file start38.txt (compact mmCIF, C-alpha atoms)
# COMPACT_ATOMS: atom_id res chain seq x y z
CA MET A 456 2.97 17.76 43.87
CA LEU A 457 -0.68 18.61 43.14
CA GLU A 458 0.40 21.08 40.42
CA ARG A 459 1.82 18.07 38.49
CA LEU A 460 -1.68 16.61 38.26
CA GLY A 461 -3.53 19.57 36.76
CA THR A 462 -3.31 22.05 33.91
CA ASP A 463 -4.79 25.46 33.17
CA ALA A 464 -7.23 26.30 30.33
CA PRO A 465 -4.55 27.56 27.89
CA GLY A 466 -2.50 24.40 28.56
CA ALA A 467 -5.55 22.20 27.94
CA ILE A 468 -6.32 24.01 24.67
CA ALA A 469 -2.69 23.64 23.57
CA VAL A 470 -2.86 19.87 24.22
CA VAL A 471 -6.05 19.53 22.14
CA ILE A 472 -4.61 21.58 19.24
CA ALA A 473 -1.34 19.62 19.31
CA ALA A 474 -3.20 16.28 19.44
CA VAL A 475 -5.38 17.23 16.46
CA GLY A 476 -2.33 18.49 14.56
CA ILE A 477 -0.18 15.41 15.12
CA TYR A 478 -3.13 13.10 14.32
CA VAL A 479 -3.69 14.83 10.96
CA VAL A 480 0.05 14.78 10.18
CA PHE A 481 0.18 11.07 11.02
CA LEU A 482 -2.81 10.30 8.75
CA VAL A 483 -1.22 12.27 5.89
CA LEU A 484 2.12 10.49 6.32
CA VAL A 485 0.43 7.07 6.34
CA ARG A 486 -1.38 8.02 3.12
CA ILE A 487 1.92 9.11 1.52
CA PHE A 488 4.16 6.28 2.74
CA GLY A 489 1.59 3.47 2.90
CA GLN A 490 0.08 1.34 5.62
CA ARG A 491 2.24 -1.77 5.31
CA PRO A 492 4.82 -0.88 7.99
CA LEU A 493 2.02 -0.57 10.55
CA ALA A 494 0.79 -4.13 10.00
CA ARG A 495 3.86 -6.28 9.28
CA MET A 496 6.65 -4.75 11.26
CA SER A 497 10.30 -5.55 10.69
CA THR A 498 12.86 -4.52 13.30
CA SER A 499 13.40 -1.17 11.60
CA ASP A 500 9.61 -0.62 11.43
CA VAL A 501 9.35 -1.23 15.19
CA VAL A 502 12.05 1.37 15.79
CA VAL A 503 10.19 3.88 13.61
CA VAL A 504 6.84 3.21 15.30
CA LEU A 505 8.39 3.61 18.76
CA ALA A 506 10.02 6.86 17.68
CA LEU A 507 6.74 8.07 16.20
CA GLY A 508 4.97 7.38 19.47
CA SER A 509 7.63 9.19 21.42
CA ILE A 510 7.62 12.18 19.08
CA ALA A 511 3.82 12.34 19.01
CA GLY A 512 3.63 12.14 22.80
CA ARG A 513 6.18 14.90 23.23
CA VAL A 514 4.44 17.12 20.67
CA VAL A 515 1.00 16.60 22.18
CA LEU A 516 2.01 17.08 25.80
CA GLY A 517 4.69 19.71 25.25
CA LEU A 518 5.88 21.05 28.58
CA SER A 519 2.62 20.19 30.40
CA VAL A 520 3.37 16.61 31.32
CA THR A 521 0.61 16.28 33.87
CA LEU A 522 -2.10 13.73 34.56
CA THR A 523 -4.79 16.13 33.35
CA ALA A 524 -2.88 16.99 30.15
CA GLY A 525 -2.36 13.27 29.47
CA ALA A 526 -6.05 12.54 30.02
CA ILE A 527 -7.01 15.42 27.70
CA ALA A 528 -4.59 14.15 25.04
CA LEU A 529 -5.93 10.58 25.24
CA ALA A 530 -9.55 11.77 25.13
CA THR A 531 -8.76 13.98 22.12
CA LEU A 532 -7.13 11.09 20.25
CA PHE A 533 -10.11 8.80 20.98
CA VAL A 534 -12.52 11.48 19.76
CA LEU A 535 -10.44 12.01 16.62
CA ARG A 536 -10.49 8.27 15.94
CA TRP A 537 -14.28 8.28 16.35
CA VAL A 538 -14.62 11.27 13.97
CA VAL A 539 -12.38 9.63 11.34
CA GLU A 540 -14.41 6.42 11.65
CA ARG A 541 -17.63 8.37 11.01
CA ILE A 542 -16.08 10.23 8.07
CA GLY A 543 -14.94 6.89 6.62
CA ARG A 544 -18.52 5.65 6.42
CA SER A 545 -19.28 7.90 3.44
CA SER A 546 -17.84 7.15 0.01
CA TRP A 547 -15.88 10.42 -0.22
CA GLY A 548 -14.66 10.01 3.35
CA ARG A 549 -13.54 6.44 2.73
CA ARG A 550 -11.41 7.66 -0.18
CA LEU A 551 -9.99 10.38 2.07
CA VAL A 552 -9.05 8.30 5.13
CA THR A 553 -8.40 4.77 3.86
CA THR A 554 -6.09 3.36 1.27
CA GLN A 555 -7.35 1.06 -1.46
CA PRO A 556 -6.37 -2.59 -1.46
CA VAL A 557 -3.69 -3.44 -4.05
CA LEU A 558 -3.18 -6.63 -6.05
CA LEU A 559 0.34 -8.01 -5.52
CA MET A 560 0.02 -11.30 -7.42
CA ALA A 561 -2.44 -12.60 -9.99
CA ASP A 562 -2.59 -16.21 -11.17
CA GLY A 563 0.87 -16.92 -9.74
CA ALA A 564 2.49 -13.87 -11.38
CA VAL A 565 4.04 -11.14 -9.25
CA GLN A 566 2.77 -7.67 -10.15
CA HIS A 567 6.13 -5.90 -9.78
CA ASP A 568 4.83 -2.38 -10.49
CA LEU A 569 2.06 -2.70 -7.88
CA LEU A 570 4.50 -4.31 -5.44
CA ALA A 571 6.79 -1.28 -5.81
CA ARG A 572 3.85 1.13 -5.50
CA SER A 573 2.90 -0.58 -2.23
CA ARG A 574 6.48 -0.55 -0.94
CA VAL A 575 6.49 -4.31 -0.51
CA SER A 576 9.63 -6.20 -1.49
CA VAL A 577 9.65 -9.52 -3.33
CA GLU A 578 11.30 -11.04 -0.24
CA GLU A 579 8.44 -9.83 2.00
CA LEU A 580 5.91 -11.24 -0.45
CA GLN A 581 7.73 -14.57 -0.48
CA GLY A 582 7.65 -14.62 3.33
CA VAL A 583 3.90 -14.03 3.30
CA LEU A 584 3.43 -16.86 0.80
CA ARG A 585 5.49 -19.25 2.93
CA SER A 586 3.51 -18.22 6.05
CA ALA A 587 0.31 -19.02 4.17
CA GLY A 588 1.59 -22.52 3.38
CA ILE A 589 2.12 -21.85 -0.32
CA ARG A 590 4.57 -24.39 -1.77
CA ASN A 591 4.81 -22.89 -5.27
CA THR A 592 3.39 -19.87 -7.05
CA GLN A 593 1.06 -22.00 -9.18
CA GLU A 594 -1.10 -22.45 -6.04
CA VAL A 595 -1.79 -18.69 -5.91
CA ALA A 596 -4.93 -17.23 -7.46
CA CYS A 597 -4.11 -13.79 -6.09
CA VAL A 598 -2.44 -11.90 -3.26
CA VAL A 599 -3.89 -8.60 -2.05
CA LEU A 600 -2.40 -5.96 0.24
CA GLU A 601 -5.52 -4.96 2.14
CA SER A 602 -6.31 -1.42 3.27
CA THR A 603 -5.46 -2.50 6.83
CA GLY A 604 -1.91 -3.40 5.80
CA THR A 605 -2.49 -7.14 6.10
CA VAL A 606 -1.89 -9.41 3.13
CA SER A 607 -4.54 -11.86 1.88
CA VAL A 608 -3.36 -14.94 0.00
CA VAL A 609 -6.05 -16.68 -2.07
CA ARG A 610 -5.36 -20.17 -3.42
CA THR A 611 -6.45 -21.52 -6.77
CA GLY A 612 -9.03 -24.26 -7.00
CA THR A 613 -12.30 -22.55 -6.16
CA PRO A 614 -13.70 -19.89 -8.50
CA LEU A 615 -13.46 -16.33 -7.16
CA ASP A 616 -16.50 -14.13 -6.59
CA GLN A 617 -15.87 -11.01 -8.66
CA THR A 618 -17.71 -8.74 -6.21
CA LEU A 619 -15.06 -9.47 -3.56
CA TYR A 620 -12.37 -8.02 -5.83
CA ALA A 621 -14.13 -4.82 -6.91
CA GLY A 622 -12.24 -1.74 -5.80
CA ILE A 623 -8.85 -3.43 -5.64
CA ILE A 624 -6.14 -1.58 -7.54
CA GLY A 625 -5.03 -3.96 -10.31
CA ALA A 626 -8.05 -6.29 -10.04
CA ASP A 627 -8.39 -6.10 -13.82
CA ARG A 628 -5.18 -8.16 -14.00
CA ILE A 629 -6.86 -11.19 -12.42
CA PRO A 630 -7.65 -13.54 -15.33
CA SER A 631 -11.38 -13.91 -15.94
CA ALA A 632 -10.93 -17.71 -15.90
CA LEU A 633 -10.43 -17.49 -12.11
CA PHE A 634 -13.89 -15.98 -11.58
CA ARG A 635 -17.24 -17.76 -11.40
CA SER A 636 -19.13 -17.92 -14.63
call {"tool": "encode", "arguments": {"input": "start38.txt", "output": "structure tokens"}}
result
Amino acid sequence: MLERLGTDAPGAIAVVIAAVGIYVVFLVLVRIFGQRPLARMSTSDVVVVLALGSIAGRVVLGLSVTLTAGAIALATLFVLRWVVERIGRSSWGRRLVTTQPVLLMADGAVQHDLLARSRVSVEELQGVLRSAGIRNTQEVACVVLESTGTVSVVRTGTPLDQTLYAGIIGADRIPSALFRS
């Protein structure tokens, strides 16, 4: 029984290498396929996330499913998260590890090309608008898919502060009349 709790040095190194590898692969895949499924999960997204967790756990732990190997894997993942957070504090690192926010609607008009680029369907956008209490599209100043995968809905009526929209892909499509003078 005690052998199920521990691991040897080569096993510990294998766990660290596998954890680093799967973490990097996961970051690359999120950059390629987008962050939206991680924030607003449909039933199929939940299935994929559960499968990803299972696959990642199996890859990281391999055949050494022991308490020590699990602790090493968790510690490695926490350290990797800390490293990525530090890298993301620089401008080049931020471009490397985070996605840019994307404009989905501007002045009530759906930005279909940016919607497709973000892998968000019109139906999902409509659901977000309803959840935000939007009764018709004329109430919408803009909708932004944030880098976290959440969607921000901004109503018309109060002028927008242009500095809040710098760095958003498609921000140039927001009519200047919606900004403060």
call {"tool": "atom_distance", "arguments": {"input": "start38.txt", "atom1": "atom CA of A:Ser573", "atom2": "atom CA of A:Leu633"}}
result
23.7 Å
call {"tool": "residues_around", "arguments": {"input": "start38.txt", "residues": "A:Ser602", "least_positions_apart": "5", "cutoff": "6 Å", "atoms": "only C-alpha atoms", "output": "MDAnalysis selection string"}}
result
chainID A and resid 554:556
call {"tool": "residues_around", "arguments": {"input": "start38.txt", "residues": "A:Arg628", "least_positions_apart": "5", "cutoff": "10 Å", "atoms": "all atoms listed in the file", "output": "ChimeraX atom specification"}}
result
/A:558,560-562,564,566,597
call {"tool": "closest_residue", "arguments": {"input": "start38.txt", "among": "A:Leu619, A:Leu516, A:Val608, A:Ala530", "to": "A:Arg585", "atoms": "all atoms listed in the file"}}
result
A:Val608
call {"tool": "atom_distance", "arguments": {"input": "start38.txt", "atom1": "atom CA of A:Leu570", "atom2": "atom CA of A:Thr611"}}
result
20.4 Å
call {"tool": "atom_distance", "arguments": {"input": "start38.txt", "atom1": "atom CA of A:Ala473", "atom2": "atom CA of A:Ser546"}}
result
28.3 Å
call {"tool": "residues_around", "arguments": {"input": "start38.txt", "residues": "A:Leu507", "least_positions_apart": "4", "cutoff": "12 Å", "atoms": "all atoms listed in the file", "output": "list in words"}}
result
Ile477, Tyr478, Val480, Phe481, Leu484, Val485, Leu493, Asp500, Val501, Val502, Val503, Ala511, Gly512, Arg513, Val514 and Val515 of chain A
call {"tool": "closest_residue", "arguments": {"input": "start38.txt", "among": "A:Gly525, A:Pro630, A:Gly508, A:Pro465", "to": "A:Pro614", "atoms": "all atoms listed in the file"}}
result
A:Pro630
call {"tool": "closest_residue", "arguments": {"input": "start38.txt", "among": "A:Ala571, A:Ala469, A:Val479, A:Val565", "to": "A:Val595", "atoms": "all atoms listed in the file"}}
result
A:Val565
call {"tool": "closest_residue", "arguments": {"input": "start38.txt", "among": "A:Phe634, A:Ala626, A:Leu559, A:Val538", "to": "A:Val577", "atoms": "all atoms listed in the file"}}
result
A:Leu559
call {"tool": "axis_aligned_box", "arguments": {"input": "start38.txt", "around": "stretch 581-600 of chain A", "padding_each_side": "4 Å", "output": "JSON"}}
result
{"center_x": 1.4, "center_y": -15.2, "center_z": -1.6, "size_x": 20.7, "size_y": 26.4, "size_z": 23.2}
call {"tool": "residues_around", "arguments": {"input": "start38.txt", "residues": "A:Tyr620", "least_positions_apart": "2", "cutoff": "10 Å", "atoms": "only C-alpha atoms", "output": "NGL selection string"}}
result
:A and (556-558 or 599 or 615-618 or 622-627 or 629 or 634)
call {"tool": "closest_residue", "arguments": {"input": "start38.txt", "among": "A:Ser545, A:Gln593, A:Ser576, A:Gln581", "to": "A:Gly563", "atoms": "all atoms listed in the file"}}
result
A:Gln593
call {"tool": "closest_residue", "arguments": {"input": "start38.txt", "among": "A:Gly588, A:Thr553, A:Glu601, A:Thr523", "to": "A:Arg486", "atoms": "all atoms listed in the file"}}
result
A:Thr553
call {"tool": "decode", "arguments": {"input": "start38.txt", "residues": "stretch 469-482 of chain A", "atoms": "all heavy atoms", "output": "PDB file, in the first residue's frame"}}
result
ATOM      1  N   ALA A 469       9.161  12.698 -14.943  1.00  0.00           N
ATOM      2  CA  ALA A 469       8.209  12.429 -16.028  1.00  0.00           C
ATOM      3  C   ALA A 469       6.900  13.174 -15.804  1.00  0.00           C
ATOM      4  O   ALA A 469       6.311  13.720 -16.747  1.00  0.00           O
ATOM      5  CB  ALA A 469       7.953  10.927 -16.143  1.00  0.00           C
ATOM      6  N   VAL A 470       6.430  13.238 -14.563  1.00  0.00           N
ATOM      7  CA  VAL A 470       5.188  13.958 -14.245  1.00  0.00           C
ATOM      8  C   VAL A 470       5.355  15.446 -14.540  1.00  0.00           C
ATOM      9  O   VAL A 470       4.481  16.073 -15.147  1.00  0.00           O
ATOM     10  CB  VAL A 470       4.776  13.714 -12.774  1.00  0.00           C
ATOM     11  CG1 VAL A 470       3.690  14.695 -12.345  1.00  0.00           C
ATOM     12  CG2 VAL A 470       4.314  12.283 -12.572  1.00  0.00           C
ATOM     13  N   VAL A 471       6.482  16.021 -14.143  1.00  0.00           N
ATOM     14  CA  VAL A 471       6.724  17.455 -14.380  1.00  0.00           C
ATOM     15  C   VAL A 471       6.776  17.738 -15.881  1.00  0.00           C
ATOM     16  O   VAL A 471       6.142  18.679 -16.374  1.00  0.00           O
ATOM     17  CB  VAL A 471       8.019  17.918 -13.687  1.00  0.00           C
ATOM     18  CG1 VAL A 471       8.410  19.324 -14.124  1.00  0.00           C
ATOM     19  CG2 VAL A 471       7.856  17.870 -12.170  1.00  0.00           C
ATOM     20  N   ILE A 472       7.513  16.918 -16.634  1.00  0.00           N
ATOM     21  CA  ILE A 472       7.622  17.126 -18.084  1.00  0.00           C
ATOM     22  C   ILE A 472       6.249  16.990 -18.750  1.00  0.00           C
ATOM     23  O   ILE A 472       5.875  17.806 -19.600  1.00  0.00           O
ATOM     24  CB  ILE A 472       8.644  16.144 -18.700  1.00  0.00           C
ATOM     25  CG1 ILE A 472      10.054  16.521 -18.230  1.00  0.00           C
ATOM     26  CG2 ILE A 472       8.560  16.148 -20.225  1.00  0.00           C
ATOM     27  CD1 ILE A 472      11.121  15.496 -18.570  1.00  0.00           C
ATOM     28  N   ALA A 473       5.487  15.981 -18.365  1.00  0.00           N
ATOM     29  CA  ALA A 473       4.160  15.785 -18.945  1.00  0.00           C
ATOM     30  C   ALA A 473       3.233  16.946 -18.588  1.00  0.00           C
ATOM     31  O   ALA A 473       2.455  17.412 -19.433  1.00  0.00           O
ATOM     32  CB  ALA A 473       3.565  14.462 -18.476  1.00  0.00           C
ATOM     33  N   ALA A 474       3.307  17.432 -17.351  1.00  0.00           N
ATOM     34  CA  ALA A 474       2.451  18.553 -16.935  1.00  0.00           C
ATOM     35  C   ALA A 474       2.796  19.812 -17.732  1.00  0.00           C
ATOM     36  O   ALA A 474       1.895  20.517 -18.203  1.00  0.00           O
ATOM     37  CB  ALA A 474       2.590  18.807 -15.438  1.00  0.00           C
ATOM     38  N   VAL A 475       4.074  20.084 -17.900  1.00  0.00           N
ATOM     39  CA  VAL A 475       4.486  21.253 -18.687  1.00  0.00           C
ATOM     40  C   VAL A 475       4.014  21.085 -20.133  1.00  0.00           C
ATOM     41  O   VAL A 475       3.453  22.006 -20.732  1.00  0.00           O
ATOM     42  CB  VAL A 475       6.017  21.451 -18.625  1.00  0.00           C
ATOM     43  CG1 VAL A 475       6.477  22.496 -19.634  1.00  0.00           C
ATOM     44  CG2 VAL A 475       6.449  21.843 -17.217  1.00  0.00           C
ATOM     45  N   GLY A 476       4.211  19.902 -20.692  1.00  0.00           N
ATOM     46  CA  GLY A 476       3.819  19.646 -22.075  1.00  0.00           C
ATOM     47  C   GLY A 476       2.334  19.822 -22.304  1.00  0.00           C
ATOM     48  O   GLY A 476       1.912  20.508 -23.242  1.00  0.00           O
ATOM     49  N   ILE A 477       1.511  19.234 -21.457  1.00  0.00           N
ATOM     50  CA  ILE A 477       0.061  19.316 -21.655  1.00  0.00           C
ATOM     51  C   ILE A 477      -0.438  20.737 -21.409  1.00  0.00           C
ATOM     52  O   ILE A 477      -1.370  21.198 -22.068  1.00  0.00           O
ATOM     53  CB  ILE A 477      -0.701  18.268 -20.790  1.00  0.00           C
ATOM     54  CG1 ILE A 477      -2.090  17.995 -21.383  1.00  0.00           C
ATOM     55  CG2 ILE A 477      -0.829  18.700 -19.355  1.00  0.00           C
ATOM     56  CD1 ILE A 477      -2.087  17.221 -22.637  1.00  0.00           C
ATOM     57  N   TYR A 478       0.198  21.472 -20.503  1.00  0.00           N
ATOM     58  CA  TYR A 478      -0.173  22.863 -20.236  1.00  0.00           C
ATOM     59  C   TYR A 478       0.084  23.721 -21.482  1.00  0.00           C
ATOM     60  O   TYR A 478      -0.775  24.499 -21.902  1.00  0.00           O
ATOM     61  CB  TYR A 478       0.628  23.391 -19.046  1.00  0.00           C
ATOM     62  CG  TYR A 478       0.132  24.702 -18.495  1.00  0.00           C
ATOM     63  CD1 TYR A 478      -0.875  24.729 -17.542  1.00  0.00           C
ATOM     64  CD2 TYR A 478       0.670  25.908 -18.915  1.00  0.00           C
ATOM     65  CE1 TYR A 478      -1.336  25.938 -17.016  1.00  0.00           C
ATOM     66  CE2 TYR A 478       0.220  27.115 -18.400  1.00  0.00           C
ATOM     67  CZ  TYR A 478      -0.780  27.119 -17.459  1.00  0.00           C
ATOM     68  OH  TYR A 478      -1.236  28.307 -16.953  1.00  0.00           O
ATOM     69  N   VAL A 479       1.255  23.541 -22.090  1.00  0.00           N
ATOM     70  CA  VAL A 479       1.597  24.304 -23.291  1.00  0.00           C
ATOM     71  C   VAL A 479       0.648  23.935 -24.433  1.00  0.00           C
ATOM     72  O   VAL A 479       0.144  24.816 -25.141  1.00  0.00           O
ATOM     73  CB  VAL A 479       3.074  24.064 -23.682  1.00  0.00           C
ATOM     74  CG1 VAL A 479       3.380  24.633 -25.060  1.00  0.00           C
ATOM     75  CG2 VAL A 479       4.005  24.667 -22.636  1.00  0.00           C
ATOM     76  N   VAL A 480       0.375  22.647 -24.617  1.00  0.00           N
ATOM     77  CA  VAL A 480      -0.549  22.212 -25.667  1.00  0.00           C
ATOM     78  C   VAL A 480      -1.926  22.828 -25.436  1.00  0.00           C
ATOM     79  O   VAL A 480      -2.563  23.332 -26.368  1.00  0.00           O
ATOM     80  CB  VAL A 480      -0.637  20.668 -25.720  1.00  0.00           C
ATOM     81  CG1 VAL A 480      -1.798  20.206 -26.580  1.00  0.00           C
ATOM     82  CG2 VAL A 480       0.672  20.087 -26.233  1.00  0.00           C
ATOM     83  N   PHE A 481      -2.386  22.831 -24.187  1.00  0.00           N
ATOM     84  CA  PHE A 481      -3.693  23.407 -23.871  1.00  0.00           C
ATOM     85  C   PHE A 481      -3.728  24.901 -24.203  1.00  0.00           C
ATOM     86  O   PHE A 481      -4.680  25.389 -24.813  1.00  0.00           O
ATOM     87  CB  PHE A 481      -4.030  23.160 -22.395  1.00  0.00           C
ATOM     88  CG  PHE A 481      -5.452  23.462 -22.057  1.00  0.00           C
ATOM     89  CD1 PHE A 481      -6.463  22.574 -22.374  1.00  0.00           C
ATOM     90  CD2 PHE A 481      -5.794  24.641 -21.422  1.00  0.00           C
ATOM     91  CE1 PHE A 481      -7.788  22.853 -22.075  1.00  0.00           C
ATOM     92  CE2 PHE A 481      -7.114  24.936 -21.113  1.00  0.00           C
ATOM     93  CZ  PHE A 481      -8.109  24.035 -21.433  1.00  0.00           C
ATOM     94  N   LEU A 482      -2.669  25.643 -23.820  1.00  0.00           N
ATOM     95  CA  LEU A 482      -2.619  27.083 -24.131  1.00  0.00           C
ATOM     96  C   LEU A 482      -2.648  27.323 -25.639  1.00  0.00           C
ATOM     97  O   LEU A 482      -3.359  28.217 -26.121  1.00  0.00           O
ATOM     98  CB  LEU A 482      -1.354  27.718 -23.541  1.00  0.00           C
ATOM     99  CG  LEU A 482      -1.362  27.999 -22.056  1.00  0.00           C
ATOM    100  CD1 LEU A 482      -0.016  28.578 -21.614  1.00  0.00           C
ATOM    101  CD2 LEU A 482      -2.482  28.951 -21.672  1.00  0.00           C
TER     102      LEU A 482
END
